[in-house]
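*Asks:* Please find entry21.cif (mmCIF, C-alpha atoms and all ligand atoms) on the next line:
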data_final
#
loop_
_atom_site.label_atom_id
_atom_site.label_comp_id
_atom_site.auth_asym_id
_atom_site.auth_seq_id
_atom_site.Cartn_x
_atom_site.Cartn_y
_atom_site.Cartn_z
CA MET A 146 0.00 0.00 0.00
CA GLN A 147 2.82 2.42 -0.77
CA THR A 148 1.65 5.83 -2.00
CA GLU A 149 3.23 9.26 -2.36
CA ILE A 150 2.01 9.96 1.19
CA THR A 151 3.56 6.86 2.78
CA ARG A 152 6.82 7.76 1.04
CA LEU A 153 6.60 11.42 2.13
CA LEU A 154 6.04 10.40 5.75
CA GLY A 155 8.16 7.25 5.88
CA ILE A 156 5.27 5.07 7.08
CA LYS A 157 4.11 1.57 6.11
CA TYR A 158 0.37 2.13 5.63
CA PRO A 159 -1.48 5.22 4.32
CA ILE A 160 -3.47 5.60 7.54
CA ILE A 161 -3.19 8.70 9.74
CA GLN A 162 -4.75 9.06 13.17
CA GLY A 163 -6.62 12.34 13.71
CA GLY A 164 -5.06 14.90 16.08
CA MET A 165 -8.04 14.86 18.42
CA ALA A 166 -8.11 17.26 21.38
CA TRP A 167 -7.74 15.46 24.75
CA VAL A 168 -7.74 12.07 22.98
CA ALA A 169 -4.61 12.12 20.82
CA GLU A 170 -1.93 11.85 23.54
CA HIS A 171 1.38 10.01 23.40
CA HIS A 172 0.14 6.46 24.15
CA LEU A 173 -2.30 6.52 21.24
CA ALA A 174 0.06 8.30 18.84
CA ALA A 175 2.91 5.86 19.58
CA ALA A 176 0.61 2.82 19.23
CA VAL A 177 -0.64 3.97 15.81
CA SER A 178 2.90 4.67 14.59
CA GLU A 179 4.14 1.33 15.95
CA ALA A 180 1.32 -0.36 14.00
CA GLY A 181 2.54 1.20 10.74
CA GLY A 182 0.28 4.27 10.48
CA LEU A 183 1.06 7.86 11.42
CA GLY A 184 0.19 8.69 15.01
CA LEU A 185 -0.46 12.31 15.97
CA ILE A 186 -0.27 14.12 19.28
CA GLY A 187 -3.11 16.65 19.43
CA ALA A 188 -1.84 19.91 20.94
CA ALA A 189 -5.44 21.19 21.14
CA SER A 190 -5.54 24.10 23.63
CA ALA A 191 -2.71 22.74 25.78
CA PRO A 192 0.37 24.78 26.78
CA ALA A 193 3.52 24.26 24.73
CA GLU A 194 5.41 22.56 27.58
CA TRP A 195 2.73 19.85 27.79
CA VAL A 196 3.21 19.24 24.08
CA ARG A 197 6.99 19.01 24.54
CA GLU A 198 6.56 16.39 27.27
CA GLN A 199 4.15 14.43 25.09
CA ILE A 200 6.61 14.42 22.19
CA ARG A 201 9.40 13.14 24.44
CA ALA A 202 7.13 10.49 25.98
CA ALA A 203 6.07 9.24 22.52
CA ARG A 204 9.73 8.96 21.49
CA LYS A 205 10.30 6.59 24.39
CA LEU A 206 7.55 4.30 23.05
CA THR A 207 8.37 4.32 19.34
CA ASP A 208 11.23 5.07 17.00
CA LYS A 209 8.82 5.34 14.07
CA PRO A 210 7.66 8.71 12.69
CA PHE A 211 4.79 10.50 14.41
CA GLY A 212 3.43 14.03 14.16
CA VAL A 213 1.81 16.83 16.11
CA ASN A 214 -1.53 18.48 15.29
CA ILE A 215 -1.83 22.18 16.08
CA MET A 216 -5.26 23.60 16.74
CA LEU A 217 -4.77 27.12 15.42
CA MET A 218 -7.45 28.71 17.60
CA SER A 219 -5.39 27.78 20.68
CA PRO A 220 -3.91 30.71 22.63
CA TYR A 221 -0.68 28.67 22.72
CA ALA A 222 -0.50 27.94 18.97
CA ALA A 223 2.55 30.16 18.36
CA ASP A 224 4.51 28.57 21.23
CA VAL A 225 3.55 25.06 20.14
CA ALA A 226 4.66 25.91 16.60
CA LYS A 227 8.15 26.64 17.99
CA VAL A 228 8.26 23.53 20.19
CA ILE A 229 7.64 21.42 17.08
CA VAL A 230 10.82 22.81 15.53
CA GLU A 231 12.84 22.60 18.77
CA GLU A 232 11.91 18.97 19.33
CA GLY A 233 12.61 17.94 15.73
CA VAL A 234 9.09 16.70 15.00
CA GLN A 235 8.92 15.44 11.40
CA VAL A 236 5.27 16.15 10.59
CA VAL A 237 2.77 18.78 11.63
CA THR A 238 -0.92 18.88 10.78
CA THR A 239 -3.04 21.94 11.50
CA GLY A 240 -6.73 22.45 12.16
CA ALA A 241 -9.34 25.13 12.75
CA GLY A 242 -7.50 27.86 10.86
CA SER A 243 -4.82 28.75 8.34
CA PRO A 244 -1.19 27.94 9.29
CA GLY A 245 0.23 30.50 6.84
CA LYS A 246 2.26 32.49 9.36
CA TYR A 247 4.17 29.41 10.63
CA MET A 248 4.83 27.88 7.23
CA GLU A 249 8.22 29.48 6.58
CA MET A 250 9.62 28.53 10.00
CA TRP A 251 8.51 24.91 9.62
CA LYS A 252 9.67 24.53 6.03
CA GLU A 253 13.08 25.95 6.92
CA ALA A 254 13.39 23.38 9.72
CA GLY A 255 12.41 20.56 7.36
CA VAL A 256 9.09 19.87 9.09
CA LYS A 257 6.50 18.40 6.74
CA VAL A 258 3.38 20.56 6.85
CA ILE A 259 -0.06 19.07 6.28
CA PRO A 260 -2.94 21.52 6.82
CA VAL A 261 -6.37 20.04 7.46
CA VAL A 262 -8.94 21.93 5.39
CA ALA A 263 -12.67 21.70 4.86
CA SER A 264 -12.92 23.61 1.56
CA VAL A 265 -11.38 23.60 -1.91
CA ALA A 266 -10.44 27.30 -1.66
CA LEU A 267 -8.34 26.83 1.47
CA ALA A 268 -6.74 23.68 0.02
CA LYS A 269 -5.57 25.73 -2.98
CA ARG A 270 -4.28 28.51 -0.73
CA MET A 271 -2.33 26.01 1.36
CA GLU A 272 -0.85 24.37 -1.70
CA ARG A 273 0.38 27.76 -2.93
CA ALA A 274 1.80 28.47 0.53
CA GLY A 275 3.99 25.37 0.24
CA ALA A 276 2.08 22.63 2.07
CA ASP A 277 3.63 19.18 1.59
CA ALA A 278 0.21 17.54 1.53
CA ILE A 279 -3.39 18.38 2.43
CA VAL A 280 -6.02 16.62 4.51
CA ALA A 281 -9.49 17.29 3.05
CA GLU A 282 -11.93 16.76 5.88
CA GLY A 283 -15.62 16.29 5.12
CA CYS A 284 -18.36 17.34 7.52
CA GLU A 285 -19.05 13.73 8.52
CA SER A 286 -16.10 14.23 10.89
CA GLY A 287 -16.33 14.75 14.60
CA GLY A 288 -15.34 18.03 16.22
CA HIS A 289 -14.99 21.25 14.24
CA VAL A 290 -16.59 20.75 10.82
CA GLY A 291 -17.03 22.57 7.51
CA GLU A 292 -19.89 22.45 5.00
CA SER A 293 -18.84 19.92 2.34
CA THR A 294 -19.08 16.16 2.56
CA THR A 295 -16.07 13.90 2.03
CA MET A 296 -17.64 12.54 -1.17
CA THR A 297 -17.79 16.02 -2.74
CA LEU A 298 -14.63 17.53 -1.25
CA VAL A 299 -12.02 14.83 -1.85
CA PRO A 300 -12.21 14.58 -5.68
CA GLN A 301 -11.84 18.37 -5.92
CA VAL A 302 -8.60 18.43 -3.93
CA VAL A 303 -6.73 15.35 -5.22
CA PRO A 304 -4.12 14.06 -4.62
CA VAL A 305 -5.08 14.36 -0.98
CA ILE A 306 -5.48 12.69 2.37
CA ALA A 307 -9.21 12.06 2.90
CA ALA A 308 -10.93 12.42 6.25
CA GLY A 309 -14.49 12.33 7.51
CA GLY A 310 -16.80 9.33 7.59
CA ILE A 311 -14.15 6.66 7.14
CA GLY A 312 -14.43 3.70 9.52
CA ASP A 313 -13.39 0.53 7.70
CA GLY A 314 -11.67 -0.80 4.60
CA ARG A 315 -14.67 0.01 2.42
CA GLY A 316 -14.35 3.66 3.41
CA ILE A 317 -10.62 3.65 2.71
CA ALA A 318 -11.15 1.96 -0.67
CA ALA A 319 -13.86 4.51 -1.53
CA ALA A 320 -11.51 7.37 -0.62
CA PHE A 321 -8.84 5.90 -2.92
CA MET A 322 -11.42 5.65 -5.71
CA LEU A 323 -12.03 9.40 -5.25
CA GLY A 324 -8.31 10.05 -5.69
CA ALA A 325 -7.06 10.02 -2.10
CA LYS A 326 -3.52 8.77 -1.43
CA ALA A 327 -4.07 8.22 2.30
CA VAL A 328 -6.81 8.58 4.88
CA GLN A 329 -7.09 10.20 8.29
CA MET A 330 -9.39 8.55 10.82
CA GLY A 331 -10.48 9.77 14.23
CA THR A 332 -13.55 8.10 15.69
CA ALA A 333 -12.29 4.57 14.94
CA PHE A 334 -9.14 5.28 16.99
CA VAL A 335 -11.02 6.76 19.96
CA VAL A 336 -12.33 3.31 20.89
CA THR A 337 -8.98 1.50 20.62
CA GLU A 338 -7.48 -0.14 23.70
CA GLU A 339 -4.54 2.27 23.75
CA ALA A 340 -6.70 5.42 23.69
CA GLN A 341 -6.63 7.01 27.14
CA VAL A 342 -10.30 7.89 26.92
CA HIS A 343 -12.90 7.25 29.63
CA GLN A 344 -14.75 3.98 28.98
CA ASN A 345 -18.10 5.86 29.07
CA TYR A 346 -16.95 7.84 26.01
CA LYS A 347 -15.86 4.71 24.16
CA ASP A 348 -19.13 2.94 25.04
CA LYS A 349 -21.17 5.85 23.72
CA ILE A 350 -19.40 5.60 20.35
CA LEU A 351 -19.65 1.80 20.30
CA LYS A 352 -23.41 1.97 20.92
CA ALA A 353 -24.17 4.94 18.66
CA SER A 354 -26.31 4.62 15.53
CA ASP A 355 -26.05 6.45 12.21
CA ILE A 356 -28.31 9.32 13.31
CA ASP A 357 -26.86 9.98 16.76
CA THR A 358 -24.59 12.98 16.07
CA ARG A 359 -25.60 16.65 16.21
CA VAL A 360 -23.83 19.80 15.04
CA THR A 361 -23.88 22.60 17.61
CA GLY A 362 -22.59 26.11 16.99
CA ARG A 363 -23.66 26.61 13.39
CA THR A 364 -24.68 30.15 14.37
CA THR A 365 -21.50 30.97 16.35
CA GLY A 366 -19.16 30.19 13.44
CA HIS A 367 -17.70 27.17 15.29
CA PRO A 368 -19.80 24.23 14.23
CA VAL A 369 -18.89 21.13 16.25
CA ARG A 370 -20.16 17.58 15.70
CA ALA A 371 -20.72 15.43 18.78
CA LEU A 372 -22.92 12.55 19.89
CA ARG A 373 -26.32 13.79 20.99
CA ASN A 374 -26.88 14.05 24.73
CA GLU A 375 -28.21 16.45 27.36
CA MET A 376 -25.54 18.97 26.39
CA THR A 377 -26.31 19.05 22.64
CA LYS A 378 -30.03 19.25 23.39
CA LYS A 379 -29.58 22.19 25.75
CA TYR A 380 -27.04 23.86 23.45
CA LEU A 381 -29.26 23.64 20.37
CA LYS A 382 -32.20 25.03 22.35
CA MET A 383 -30.12 27.91 23.74
CA GLU A 384 -28.66 28.53 20.29
CA GLN A 385 -32.14 28.79 18.81
CA GLU A 386 -33.06 31.24 21.55
CA GLY A 387 -30.04 33.41 20.68
CA ALA A 388 -27.87 32.80 23.76
CA PRO A 389 -24.55 34.74 23.90
CA PHE A 390 -21.57 33.34 22.02
CA GLU A 391 -19.28 32.95 25.06
CA GLU A 392 -21.85 30.96 26.98
CA LEU A 393 -22.31 28.55 24.08
CA GLU A 394 -18.58 28.14 23.37
CA LEU A 395 -17.86 27.09 26.95
CA MET A 396 -20.32 24.22 26.67
CA THR A 397 -18.35 22.44 23.93
CA LEU A 398 -14.74 23.44 24.65
CA GLY A 399 -14.75 22.77 28.41
CA GLY A 400 -17.16 19.92 27.83
CA LEU A 401 -14.74 17.79 25.82
CA ARG A 402 -12.38 17.39 28.79
CA LYS A 403 -15.36 16.54 30.98
CA ALA A 404 -16.36 13.73 28.62
CA VAL A 405 -12.91 12.33 27.77
CA VAL A 406 -11.30 12.54 31.23
CA ASP A 407 -14.21 12.42 33.69
CA GLY A 408 -16.49 10.21 31.61
CA ASP A 409 -19.37 12.66 31.89
CA VAL A 410 -21.04 11.79 28.61
CA LYS A 411 -24.35 13.43 29.62
CA THR A 412 -23.30 17.07 30.04
CA GLY A 413 -19.87 16.79 28.40
CA SER A 414 -19.10 17.13 24.69
CA VAL A 415 -18.71 13.65 23.16
CA MET A 416 -17.16 14.72 19.87
CA SER A 417 -17.48 11.97 17.27
CA GLY A 418 -17.92 11.54 13.57
CA GLN A 419 -21.04 10.21 11.89
CA ILE A 420 -19.25 6.90 11.33
CA ALA A 421 -19.80 6.09 15.03
CA GLY A 422 -22.73 3.99 13.84
CA LEU A 423 -20.27 1.63 12.13
CA VAL A 424 -17.68 1.58 14.92
CA ASN A 425 -18.84 -1.30 17.10
CA GLU A 426 -15.73 -3.07 18.29
CA GLN A 427 -12.93 -2.19 20.68
CA MET A 428 -9.50 -3.52 19.71
CA SER A 429 -5.82 -2.61 19.73
CA CYS A 430 -4.39 -0.15 17.21
CA GLN A 431 -2.36 -2.98 15.74
CA ALA A 432 -5.48 -5.15 15.24
CA LEU A 433 -7.48 -2.23 13.84
CA ILE A 434 -4.83 -1.23 11.31
CA GLN A 435 -4.29 -4.83 10.23
CA LYS A 436 -8.05 -5.23 9.75
CA LEU A 437 -8.24 -1.99 7.73
CA VAL A 438 -5.33 -3.01 5.51
CA ARG A 439 -6.81 -6.48 4.90
CA GLU A 440 -10.25 -5.05 4.04
CA THR A 441 -8.86 -2.33 1.78
CA ASP A 442 -6.52 -4.67 -0.05
CA ALA A 443 -9.31 -7.18 -0.70
CA LEU A 444 -11.28 -4.42 -2.46
CA ILE A 445 -8.66 -2.50 -4.39
CA GLY A 446 -5.38 -4.36 -3.98
CA THR A 447 -5.27 -5.32 -7.64
CA LEU A 448 -6.31 -1.94 -9.05
CA ASN A 449 -2.95 -0.23 -8.72
CA LEU A 450 -4.48 2.84 -7.10
CA TYR A 451 -1.76 3.28 -4.54
CA GLU A 452 1.15 4.57 -6.60
CA THR A 453 0.89 7.72 -8.71
CA GLU A 454 3.22 8.66 -11.50
CA ALA A 455 4.71 12.14 -11.27
O1 LIG B 501 -9.86 21.24 13.50
C1 LIG B 501 -10.54 20.29 13.22
N1 LIG B 501 -11.34 19.68 14.13
C2 LIG B 501 -11.43 20.05 15.44
S1 LIG B 501 -10.58 21.28 16.21
C3 LIG B 501 -11.36 20.97 17.63
S2 LIG B 501 -11.07 21.89 19.08
C4 LIG B 501 -12.44 22.90 19.02
N2 LIG B 501 -13.43 22.58 19.81
C5 LIG B 501 -14.52 23.35 19.83
C6 LIG B 501 -14.65 24.44 19.01
C7 LIG B 501 -13.66 24.73 18.15
C8 LIG B 501 -12.52 23.94 18.14
C9 LIG B 501 -12.23 19.95 17.48
N3 LIG B 501 -12.24 19.44 16.26
N4 LIG B 501 -10.57 19.79 11.99
C10 LIG B 501 -9.82 20.38 10.93
C11 LIG B 501 -10.61 21.47 10.32
N5 LIG B 501 -10.16 22.67 10.15
N6 LIG B 501 -11.87 21.39 9.89
C12 LIG B 501 -12.19 22.62 9.41
C13 LIG B 501 -11.11 23.43 9.58
C14 LIG B 501 -10.93 24.79 9.25
C15 LIG B 501 -11.90 25.72 9.59
C16 LIG B 501 -11.70 27.06 9.32
C17 LIG B 501 -9.76 25.21 8.65
C18 LIG B 501 -9.58 26.54 8.37
C19 LIG B 501 -10.54 27.47 8.71
O2 LIG B 501 -10.39 28.79 8.44
C20 LIG B 501 -9.29 29.15 7.68
C21 LIG B 501 -9.21 30.59 7.42
O3 LIG B 501 -9.69 30.99 6.36
O4 LIG B 501 -8.65 31.28 8.27
#
Take the structure in the file and write it out as structure tokens.
*Replies:*
Amino acid sequence: MQTEITRLLGIKYPIIQGGMAWVAEHHLAAAVSEAGGLGLIGAASAPAEWVREQIRAARKLTDKPFGVNIMLMSPYAADVAKVIVEEGVQVVTTGAGSPGKYMEMWKEAGVKVIPVVASVALAKRMERAGADAIVAEGCESGGHVGESTTMTLVPQVVPVIAAGGIGDGRGIAAAFMLGAKAVQMGTAFVVTEEAQVHQNYKDKILKASDIDTRVTGRTTGHPVRALRNEMTKKYLKMEQEGAPFEELELMTLGGLRKAVVDGDVKTGSVMSGQIAGLVNEQMSCQALIQKLVRETDALIGTLNLYETEA
């Protein structure tokens, strides 16, 4: 399954783990990289020194490449951007904004830059700015989402890393048919054994059906997809009634920690993609990646979709 993305990143399989806030810490990232994918540490809204410690801890668990995801709305984004260079991280992915102002520093340091985008326009801008690759993320994803679906977005950005709504080998094969050269998956990795996520959170994903996610914050400019619960119900009601922006924001941002760490899946924010309905089994990262590779290969292994000529 070698593609231009596996070669760029020096990984065995074209499978990248999403840089999920509170979820993507060093145990998960190292396990995914050890299993042949690309693990990511999600810097989210954490201080730069926490990110530095996470990078060093991941290095103790794997000598394979892993990356860091920067959430650009974080107040610490600029400091984290520097830590990435100082610690010699090979790959950075970015979310929730445009990484333009850090691009030069990273490129100079030889860091591979992969912005996550939700629109064709931003993908083109990032390509012009010197991005090494792009993740096109459809609105089936969990967390912060855009408007376009994976099915419509991916073929307009190729070659690309596809994200949003991918949960098994059929999804990966479909993404490759659309012109993707790798995939990024989040929800499927949340329920793995190595993910340091409260069991209540994992159980909610494992039990979810196809229609169980809601998007809050469409009116605040920060639409976030999460599994429906007391919080999403209250949020959507308050949003309809025109509650102030700050009050609404606090419910999702602070709520994610509550759900992931404390296991409060009633009033916390259980961010998840729509594919939760298909994610029904808890296993190790190694077992998951092996299953994905087997399934994908059985569907498209003979089609020669992996390699692209220059
Ligand atoms: O970033 C994500 N997903 C996320 S970030 C996150 S933390 C958070 N939690 C609550 C509210 C807000 C953030 C949870 N999930 N995915 C990548 C992604 N980036 N999807 C869409 C975008 C995006 C959005 C706007 C990229 C750029 C952008 O604006 C760019 C510009 O023009 O400045």
*Asks:* Using all atoms listed in the file for the distances, tell me which of A:Thr151, A:Ser414, A:Gln435, A:Thr377 is nearest to ligand LIG 501 (chain B).
*Replies:*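 Once distances to ligand LIG 501 (chain B) are computed over all atoms listed in the file, the minimum belongs to A:Ser414.
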*Asks:* Name each residue within 6 Å of ligand LIG 501 (chain B), counting all atoms listed in the file, as a VMD selection string.
*Replies:* chain A and resid 166 216 240 to 243 261 to 263 288 to 291 367 397 to 398
*Asks:* Store the residues of this selection in a file with C-alpha atoms, as a compact mmCIF listing (two decimals), keeping the file's coordinate frame.
*Replies:*
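The resulting file, part13.txt, is reproduced below:
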# COMPACT_ATOMS: atom_id res chain seq x y z
CA ALA A 166 -8.11 17.26 21.38
CA MET A 216 -5.26 23.60 16.74
CA GLY A 240 -6.73 22.45 12.16
CA ALA A 241 -9.34 25.13 12.75
CA GLY A 242 -7.50 27.86 10.86
CA SER A 243 -4.82 28.75 8.34
CA VAL A 261 -6.37 20.04 7.46
CA VAL A 262 -8.94 21.93 5.39
CA ALA A 263 -12.67 21.70 4.86
CA GLY A 288 -15.34 18.03 16.22
CA HIS A 289 -14.99 21.25 14.24
CA VAL A 290 -16.59 20.75 10.82
CA GLY A 291 -17.03 22.57 7.51
CA HIS A 367 -17.70 27.17 15.29
CA THR A 397 -18.35 22.44 23.93
CA LEU A 398 -14.74 23.44 24.65
*Asks:* So what do you get for atom CA of A:Lys403 versus atom CA of A:Gly312, distance-wise?
*Replies:*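 For atom CA of A:Lys403 relative to atom CA of A:Gly312, the distance reads 25.0 Å.
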*Asks:* Of the candidates A:Pro210, A:Gly310, A:Gly233, A:Gly182, which one gets nearest to A:Asp355 if we count all atoms listed in the file?
*Replies:*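 Residue with the minimum atom-to-atom distance to A:Asp355: A:Gly310.
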*Asks:* Which of these residues is nearest to A:Met165, using all atoms listed in the file: A:Gly316, A:Gly187, A:Pro368, A:Gly212?
*Replies:*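 For A:Met165, the nearest of the candidates is A:Gly187.
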*Asks:* Which residues of stretch 239-259 of chain A come within 10 Å of stretch 222-229 of chain A, and for each one, what is the closest pair of atoms and their distance in Å to one decimal, counting only C-alpha atoms, sorted by chain and residue number, as a Markdown table?
*Replies:*
| residue | atom | partner | partner_atom | distance |
| --- | --- | --- | --- | --- |
| A:Thr239 | CA | A:Ala222 | CA | 9.9 |
| A:Pro244 | CA | A:Ala226 | CA | 9.6 |
| A:Lys246 | CA | A:Ala223 | CA | 9.3 |
| A:Tyr247 | CA | A:Ala226 | CA | 6.9 |
| A:Met248 | CA | A:Ala226 | CA | 9.6 |
| A:Met250 | CA | A:Lys227 | CA | 8.3 |
| A:Trp251 | CA | A:Ala226 | CA | 8.0 |
| A:Ala254 | CA | A:Ile229 | CA | 9.5 |
| A:Val256 | CA | A:Ile229 | CA | 8.3 |
*Asks:* Of the candidates A:Met416, A:Leu450, A:Val328, A:Val258, which shows the shortest atom-to-atom distance to A:Gly314, using all atoms listed in the file?
*Replies:* A:Val328
*Asks:* Which distance in Å separates atom CA of A:Glu198 and atom CA of A:Asp277, to one decimal?
*Replies:*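 Separation of atom CA of A:Glu198 and atom CA of A:Asp277: 26.0 Å.
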*Asks:* Smallest atom-to-atom distance to A:Ala191: which of A:Gly362, A:Gly163, A:Pro300, A:Pro220, using all atoms listed in the file?
*Replies:*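 Distance minimum relative to A:Ala191 lands on A:Pro220.
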*Asks:* For A:Ile311, list every protein, DNA or RNA residue within 9 Å, evaluated using all atoms listed in the file, and leave out those in the same chain fewer than 5 positions away; present the list as a PyMOL selection string.
*Replies:* chain A and resi 285-286+316-317+319-320+328-333+418+420
*Asks:* Check the smallest atom-to-atom distance from each of A:Val406, A:Leu423, A:Leu217, A:Ile279 to A:Gln344 using all atoms listed in the file, then report the winner.
*Replies:*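 Ranking A:Val406, A:Leu423, A:Leu217, A:Ile279 by distance to A:Gln344, first place goes to A:Val406.
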*Asks:* List the spatial neighbours of stretch 350-353 of chain A as an mmCIF file with C-alpha atoms, in the frame of the given file - criterion: any atom at most 10 Å away, all atoms listed in the file, same-chain residues fewer than 4 positions off excluded.
*Replies:*
data_model
loop_
_atom_site.group_PDB
_atom_site.id
_atom_site.type_symbol
_atom_site.label_atom_id
_atom_site.label_comp_id
_atom_site.auth_asym_id
_atom_site.auth_seq_id
_atom_site.Cartn_x
_atom_site.Cartn_y
_atom_site.Cartn_z
ATOM 1 C CA THR A 332 -13.550 8.100 15.690
ATOM 2 C CA ALA A 333 -12.290 4.570 14.940
ATOM 3 C CA VAL A 335 -11.020 6.760 19.960
ATOM 4 C CA VAL A 336 -12.330 3.310 20.890
ATOM 5 C CA GLN A 344 -14.750 3.980 28.980
ATOM 6 C CA ASN A 345 -18.100 5.860 29.070
ATOM 7 C CA TYR A 346 -16.950 7.840 26.010
ATOM 8 C CA ASP A 357 -26.860 9.980 16.760
ATOM 9 C CA THR A 358 -24.590 12.980 16.070
ATOM 10 C CA LEU A 372 -22.920 12.550 19.890
ATOM 11 C CA ARG A 373 -26.320 13.790 20.990
ATOM 12 C CA VAL A 415 -18.710 13.650 23.160
ATOM 13 C CA MET A 416 -17.160 14.720 19.870
ATOM 14 C CA SER A 417 -17.480 11.970 17.270
ATOM 15 C CA GLY A 418 -17.920 11.540 13.570
ATOM 16 C CA GLN A 419 -21.040 10.210 11.890
ATOM 17 C CA ILE A 420 -19.250 6.900 11.330
ATOM 18 C CA ALA A 421 -19.800 6.090 15.030
ATOM 19 C CA GLY A 422 -22.730 3.990 13.840
ATOM 20 C CA LEU A 423 -20.270 1.630 12.130
ATOM 21 C CA VAL A 424 -17.680 1.580 14.920
ATOM 22 C CA ASN A 425 -18.840 -1.300 17.100
ATOM 23 C CA GLU A 426 -15.730 -3.070 18.290
ATOM 24 C CA GLN A 427 -12.930 -2.190 20.680
#
*Asks:* With all atoms of stretch 233-236 of chain A from the file as input, state the centre and edge lengths in Å to one decimal of the axis-aligned box that has 8 Å extra on each side, as JSON.
*Replies:*
{"center_x": 8.9, "center_y": 16.7, "center_z": 13.2, "size_x": 23.3, "size_y": 18.5, "size_z": 21.1}
*Asks:* Figure out the distance between atom CA of A:Thr295 and atom CA of A:Ile259, please, to one decimal in Å.
*Replies:*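 Computing it gives 17.4 Å between the two atoms.
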*Asks:* Would you pick out the contacts of A:Ile160 at 12 Å or less, using all atoms listed in the file, so that residues sharing its chain but fewer than 2 positions from it are not included, and give the list as a CSV table (one decimal) with C-alpha atoms, in the coordinates of the input?
*Replies:*
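File produced: out-v1.csv:
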chain,number,residue,atom,x,y,z
A,146,MET,CA,0.0,0.0,0.0
A,147,GLN,CA,2.8,2.4,-0.8
A,148,THR,CA,1.6,5.8,-2.0
A,150,ILE,CA,2.0,10.0,1.2
A,151,THR,CA,3.6,6.9,2.8
A,154,LEU,CA,6.0,10.4,5.8
A,155,GLY,CA,8.2,7.2,5.9
A,156,ILE,CA,5.3,5.1,7.1
A,157,LYS,CA,4.1,1.6,6.1
A,158,TYR,CA,0.4,2.1,5.6
A,162,GLN,CA,-4.8,9.1,13.2
A,163,GLY,CA,-6.6,12.3,13.7
A,177,VAL,CA,-0.6,4.0,15.8
A,178,SER,CA,2.9,4.7,14.6
A,180,ALA,CA,1.3,-0.4,14.0
A,181,GLY,CA,2.5,1.2,10.7
A,182,GLY,CA,0.3,4.3,10.5
A,183,LEU,CA,1.1,7.9,11.4
A,184,GLY,CA,0.2,8.7,15.0
A,185,LEU,CA,-0.5,12.3,16.0
A,211,PHE,CA,4.8,10.5,14.4
A,280,VAL,CA,-6.0,16.6,4.5
A,306,ILE,CA,-5.5,12.7,2.4
A,307,ALA,CA,-9.2,12.1,2.9
A,308,ALA,CA,-10.9,12.4,6.2
A,311,ILE,CA,-14.2,6.7,7.1
A,312,GLY,CA,-14.4,3.7,9.5
A,313,ASP,CA,-13.4,0.5,7.7
A,314,GLY,CA,-11.7,-0.8,4.6
A,316,GLY,CA,-14.4,3.7,3.4
A,317,ILE,CA,-10.6,3.6,2.7
A,318,ALA,CA,-11.2,2.0,-0.7
A,320,ALA,CA,-11.5,7.4,-0.6
A,321,PHE,CA,-8.8,5.9,-2.9
A,325,ALA,CA,-7.1,10.0,-2.1
A,326,LYS,CA,-3.5,8.8,-1.4
A,327,ALA,CA,-4.1,8.2,2.3
A,328,VAL,CA,-6.8,8.6,4.9
A,329,GLN,CA,-7.1,10.2,8.3
A,330,MET,CA,-9.4,8.6,10.8
A,331,GLY,CA,-10.5,9.8,14.2
A,333,ALA,CA,-12.3,4.6,14.9
A,334,PHE,CA,-9.1,5.3,17.0
A,430,CYS,CA,-4.4,-0.2,17.2
A,431,GLN,CA,-2.4,-3.0,15.7
A,433,LEU,CA,-7.5,-2.2,13.8
A,434,ILE,CA,-4.8,-1.2,11.3
A,435,GLN,CA,-4.3,-4.8,10.2
A,436,LYS,CA,-8.0,-5.2,9.8
A,437,LEU,CA,-8.2,-2.0,7.7
A,438,VAL,CA,-5.3,-3.0,5.5
A,441,THR,CA,-8.9,-2.3,1.8
*Asks:* Just the residues within 12 Å of A:Thr297, please, counting all atoms listed in the file, with nothing from its chain fewer than 5 positions along; format it as number ranges by chain.
*Replies:* A: 263-265, 281-285, 292, 302-303, 307-309, 320, 323-324
*Asks:* Is there a way to get, as a list in words, all residues within 9 Å of the point (5.8, 9.9, 22.7) in file coordinates, counting only C-alpha atoms?
*Replies:*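 The residues that fall inside the cut-off are Glu170, His171, His172, Leu173, Ala174, Ala175, Ile186, Glu198, Gln199, Ile200, Arg201, Ala202, Ala203, Arg204, Lys205, Leu206, Thr207 and Phe211 of chain A.
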